[in-house]
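**Student:** Please see the structure below; I have some questions.
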Amino acid sequence: MIDPNPKNNGKGARELNKAGISVNIGLIENEARKMNESFIKFVTKRKPFVIMKTAISLDGKTATRTGQSKWISSEESRHYVHELRNKVDAVIVGVNTVLYDNPSLMTKIPGGKDPLRIILDSTLKIPLNARILADKNAIIATTPKYDREKKIALEREGTGVIVVKSNTEKVDLKELMNELSIRGITHIMIEGGSEVNASALEAGIVDKLIYFIAPKIIGGVDAKPAIGGKGIKDMSDVMNLKNVEIKQLGPDIVMEGYL
Ligand SMILES: NC(=O)c1ccc[n+]([C@@H]2O[C@H](COP(=O)([O-])OP(=O)(O)OC[C@H]3O[C@@H](n4cnc5c(N)ncnc54)[C@H](OP(=O)(O)O)[C@@H]3O)[C@@H](O)[C@H]2O)c1
């Protein structure tokens, strides 16, 4: 494929041709595009490429009615998540997930690179001793109605806080994507929970979904589904995934597709 960076526009291939090296363009183009999907999005749209990853039970739940989600997916699936964390620049999580699960969201890949952790927290209710803040590689995205004293305390502990201009009660995700692209963050994985997943889809910032579907049943109307929010009213508004790929990891089915 031709380098999609408008700055280059096929310059590399032209230079190689000039030097007498023949260049065939378009061979295994689909594979090349997939391999470079985050780069392509960033150089053409100046926005990060966003994956939404979620683990669900067969009945579409991401946690029990008491908020427990460890572990819905298999060890093999979780290993794949660690590989993804090793690949992306940042992961995003909602503050409720931090309160329920107290995750670190690091990668366990030996020699791997932990992603920057971004927590959506409109008022800064995250505890100072949350595990996700321990390695000082996390920032909190908040709204202008944040708790002033807490911001000072977090910054004193080495945690960055970005105040995102937001017209709504919650962190404006489109605005956050602009902020992150200015900081050179090109590849992001959203790791839930249910409310964050819903607002990311609503904001139209998601490029790719990765669903781990485990052969387990949780049940209960109060157990959170993968996507919260209001949902659609009419089937004509349904979001269809494109270029869907399905594989199996341990007992789980993994479905990946693009919006
Ligand atoms: N199975 C899985 O893959 C998986 C993954 C993650 C979590 N979980 C489970 O999901 C549950 C938590 O999910 P949840 O739906 O309750 O909460 P959540 O999505 O983790 O967090 C939602 C909270 O984040 C804050 N927030 C700030 N900006 C936001 C925005 N733009 N959109 C949405 N939220 C924003 C809001 O709190 P403020 O208004 O206070 O800021 C909001 O209430 C836990 O039980 C956890 O175990 C499961």
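As shown in the structure tokens, the chain order sets the letters A, B, ...; within each chain, residues go from 1, and ligands are also counted from 1 in the order they appear.
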Could you name the residues that touch range 39-55 of chain A at 7 Å or less, counting only C-alpha atoms, but leaving out those on the same chain fewer than 4 positions away, as a PDB file with N, CA and C atoms, in the first residue's frame?

**Tutor:**
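selection_1.pdb, written as the output of this step:
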ATOM      1  N   PRO A   4      -0.092   6.268   3.599  1.00  0.00           N
ATOM      2  CA  PRO A   4      -1.240   7.192   3.594  1.00  0.00           C
ATOM      3  C   PRO A   4      -0.916   8.574   4.149  1.00  0.00           C
ATOM      4  N   ASN A   5       0.281   8.728   4.691  1.00  0.00           N
ATOM      5  CA  ASN A   5       0.648  10.032   5.245  1.00  0.00           C
ATOM      6  C   ASN A   5       0.689  11.060   4.111  1.00  0.00           C
ATOM      7  N   THR A  62     -21.494  -7.970  31.826  1.00  0.00           N
ATOM      8  CA  THR A  62     -20.065  -7.682  32.053  1.00  0.00           C
ATOM      9  C   THR A  62     -19.700  -7.804  33.528  1.00  0.00           C
ATOM     10  N   ILE A  72     -14.617 -13.202  33.938  1.00  0.00           N
ATOM     11  CA  ILE A  72     -15.615 -13.684  32.969  1.00  0.00           C
ATOM     12  C   ILE A  72     -14.891 -14.441  31.854  1.00  0.00           C
ATOM     13  N   SER A  73     -13.795 -13.864  31.380  1.00  0.00           N
ATOM     14  CA  SER A  73     -13.106 -14.498  30.241  1.00  0.00           C
ATOM     15  C   SER A  73     -12.020 -15.464  30.727  1.00  0.00           C
ATOM     16  N   MET A 177     -10.484  13.129  22.967  1.00  0.00           N
ATOM     17  CA  MET A 177      -9.699  12.580  21.846  1.00  0.00           C
ATOM     18  C   MET A 177      -8.826  13.676  21.227  1.00  0.00           C
ATOM     19  N   ASN A 178      -9.378  14.899  21.119  1.00  0.00           N
ATOM     20  CA  ASN A 178      -8.566  16.007  20.586  1.00  0.00           C
ATOM     21  C   ASN A 178      -7.360  16.263  21.470  1.00  0.00           C
ATOM     22  N   SER A 181      -4.809  13.482  21.097  1.00  0.00           N
ATOM     23  CA  SER A 181      -4.067  13.492  19.829  1.00  0.00           C
ATOM     24  C   SER A 181      -2.991  14.570  19.864  1.00  0.00           C
ATOM     25  N   ILE A 185      -0.967  10.727  21.372  1.00  0.00           N
ATOM     26  CA  ILE A 185      -1.524   9.397  21.672  1.00  0.00           C
ATOM     27  C   ILE A 185      -2.371   8.967  20.477  1.00  0.00           C
ATOM     28  N   THR A 186      -1.930   7.893  19.814  1.00  0.00           N
ATOM     29  CA  THR A 186      -2.572   7.534  18.538  1.00  0.00           C
ATOM     30  C   THR A 186      -3.382   6.242  18.614  1.00  0.00           C
ATOM     31  N   HIS A 187      -3.197   5.469  19.676  1.00  0.00           N
ATOM     32  CA  HIS A 187      -3.806   4.133  19.727  1.00  0.00           C
ATOM     33  C   HIS A 187      -4.335   3.899  21.144  1.00  0.00           C
ATOM     34  N   ILE A 188      -5.636   3.722  21.257  1.00  0.00           N
ATOM     35  CA  ILE A 188      -6.269   3.660  22.587  1.00  0.00           C
ATOM     36  C   ILE A 188      -7.152   2.421  22.675  1.00  0.00           C
ATOM     37  N   MET A 189      -7.209   1.837  23.877  1.00  0.00           N
ATOM     38  CA  MET A 189      -8.184   0.760  24.102  1.00  0.00           C
ATOM     39  C   MET A 189      -9.082   1.156  25.276  1.00  0.00           C
ATOM     40  N   ILE A 190     -10.387   1.137  25.029  1.00  0.00           N
ATOM     41  CA  ILE A 190     -11.350   1.411  26.101  1.00  0.00           C
ATOM     42  C   ILE A 190     -11.651   0.092  26.793  1.00  0.00           C
ATOM     43  N   GLU A 191     -11.532   0.095  28.112  1.00  0.00           N
ATOM     44  CA  GLU A 191     -11.751  -1.149  28.875  1.00  0.00           C
ATOM     45  C   GLU A 191     -12.956  -1.033  29.799  1.00  0.00           C
ATOM     46  N   GLY A 192     -13.963  -0.249  29.396  1.00  0.00           N
ATOM     47  CA  GLY A 192     -15.229  -0.218  30.103  1.00  0.00           C
ATOM     48  C   GLY A 192     -15.243   0.673  31.320  1.00  0.00           C
ATOM     49  N   ILE A 205     -16.564   7.703  18.771  1.00  0.00           N
ATOM     50  CA  ILE A 205     -15.090   7.696  18.757  1.00  0.00           C
ATOM     51  C   ILE A 205     -14.511   6.289  18.556  1.00  0.00           C
ATOM     52  N   VAL A 206     -15.372   5.268  18.528  1.00  0.00           N
ATOM     53  CA  VAL A 206     -14.869   3.878  18.490  1.00  0.00           C
ATOM     54  C   VAL A 206     -14.665   3.412  17.042  1.00  0.00           C
ATOM     55  N   ASP A 207     -13.504   2.817  16.770  1.00  0.00           N
ATOM     56  CA  ASP A 207     -13.218   2.291  15.437  1.00  0.00           C
ATOM     57  C   ASP A 207     -13.427   0.786  15.371  1.00  0.00           C
ATOM     58  N   LYS A 208     -13.041   0.106  16.470  1.00  0.00           N
ATOM     59  CA  LYS A 208     -12.998  -1.365  16.413  1.00  0.00           C
ATOM     60  C   LYS A 208     -13.514  -1.944  17.722  1.00  0.00           C
ATOM     61  N   LEU A 209     -14.261  -3.023  17.647  1.00  0.00           N
ATOM     62  CA  LEU A 209     -14.730  -3.684  18.863  1.00  0.00           C
ATOM     63  C   LEU A 209     -14.091  -5.065  18.978  1.00  0.00           C
ATOM     64  N   ILE A 210     -13.702  -5.416  20.179  1.00  0.00           N
ATOM     65  CA  ILE A 210     -13.225  -6.778  20.447  1.00  0.00           C
ATOM     66  C   ILE A 210     -14.045  -7.316  21.612  1.00  0.00           C
ATOM     67  N   TYR A 211     -14.835  -8.347  21.317  1.00  0.00           N
ATOM     68  CA  TYR A 211     -15.703  -8.950  22.326  1.00  0.00           C
ATOM     69  C   TYR A 211     -15.201 -10.347  22.672  1.00  0.00           C
ATOM     70  N   PHE A 212     -15.046 -10.592  23.953  1.00  0.00           N
ATOM     71  CA  PHE A 212     -14.722 -11.932  24.427  1.00  0.00           C
ATOM     72  C   PHE A 212     -16.029 -12.510  24.966  1.00  0.00           C
ATOM     73  N   ILE A 213     -16.514 -13.542  24.338  1.00  0.00           N
ATOM     74  CA  ILE A 213     -17.809 -14.111  24.740  1.00  0.00           C
ATOM     75  C   ILE A 213     -17.539 -15.451  25.431  1.00  0.00           C
ATOM     76  N   ALA A 226     -22.939  -5.195  28.422  1.00  0.00           N
ATOM     77  CA  ALA A 226     -21.708  -4.627  27.850  1.00  0.00           C
ATOM     78  C   ALA A 226     -21.875  -3.143  27.553  1.00  0.00           C
TER      79      ALA A 226
END

**Student:** Can you list, as a PyMOL selection string, every residue of range 35-222 of chain A that DSSP puts in strand (DSSP E)?

**Tutor:** chain A and resi 49-57+90-94+116-120+138-142+160-163+187-190+208-214

**Student:** Any idea what's packed within 12 Å of Gly12 in chain A, counting only C-alpha atoms, ignoring anything in its chain fewer than 6 positions away? Could you give it as an mmCIF file with C-alpha atoms, in the first residue's frame?

**Tutor:**
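Ended up saving to around-v5.cif:
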data_model
loop_
_atom_site.group_PDB
_atom_site.id
_atom_site.type_symbol
_atom_site.label_atom_id
_atom_site.label_comp_id
_atom_site.auth_asym_id
_atom_site.auth_seq_id
_atom_site.Cartn_x
_atom_site.Cartn_y
_atom_site.Cartn_z
ATOM 1 C CA MET A 1 0.000 0.000 0.000
ATOM 2 C CA ILE A 2 1.058 3.587 -0.521
ATOM 3 C CA ASP A 3 2.032 5.411 2.663
ATOM 4 C CA PRO A 4 -1.240 7.192 3.594
ATOM 5 C CA ASN A 5 0.648 10.032 5.245
ATOM 6 C CA LYS A 18 14.365 5.965 -9.039
ATOM 7 C CA ALA A 19 17.075 3.837 -7.422
ATOM 8 C CA ILE A 21 14.227 -1.082 -7.197
ATOM 9 C CA SER A 22 10.853 -2.162 -8.551
ATOM 10 C CA VAL A 23 7.945 -1.609 -6.177
ATOM 11 C CA ILE A 25 1.824 -1.565 -4.751
#

**Student:** Which residue gives the smallest distance to Arg65 in chain A among A:Tyr100, A:Gly250, A:Lys11, A:Ser38, with only C-alpha atoms counted?

**Tutor:** A:Tyr100

**Student:** Between A:Asp121, A:Glu202, A:Asp252, A:Glu155, which has the minimum distance to ligand 1 (counting only C-alpha atoms and all ligand atoms)?

**Tutor:** A:Asp121
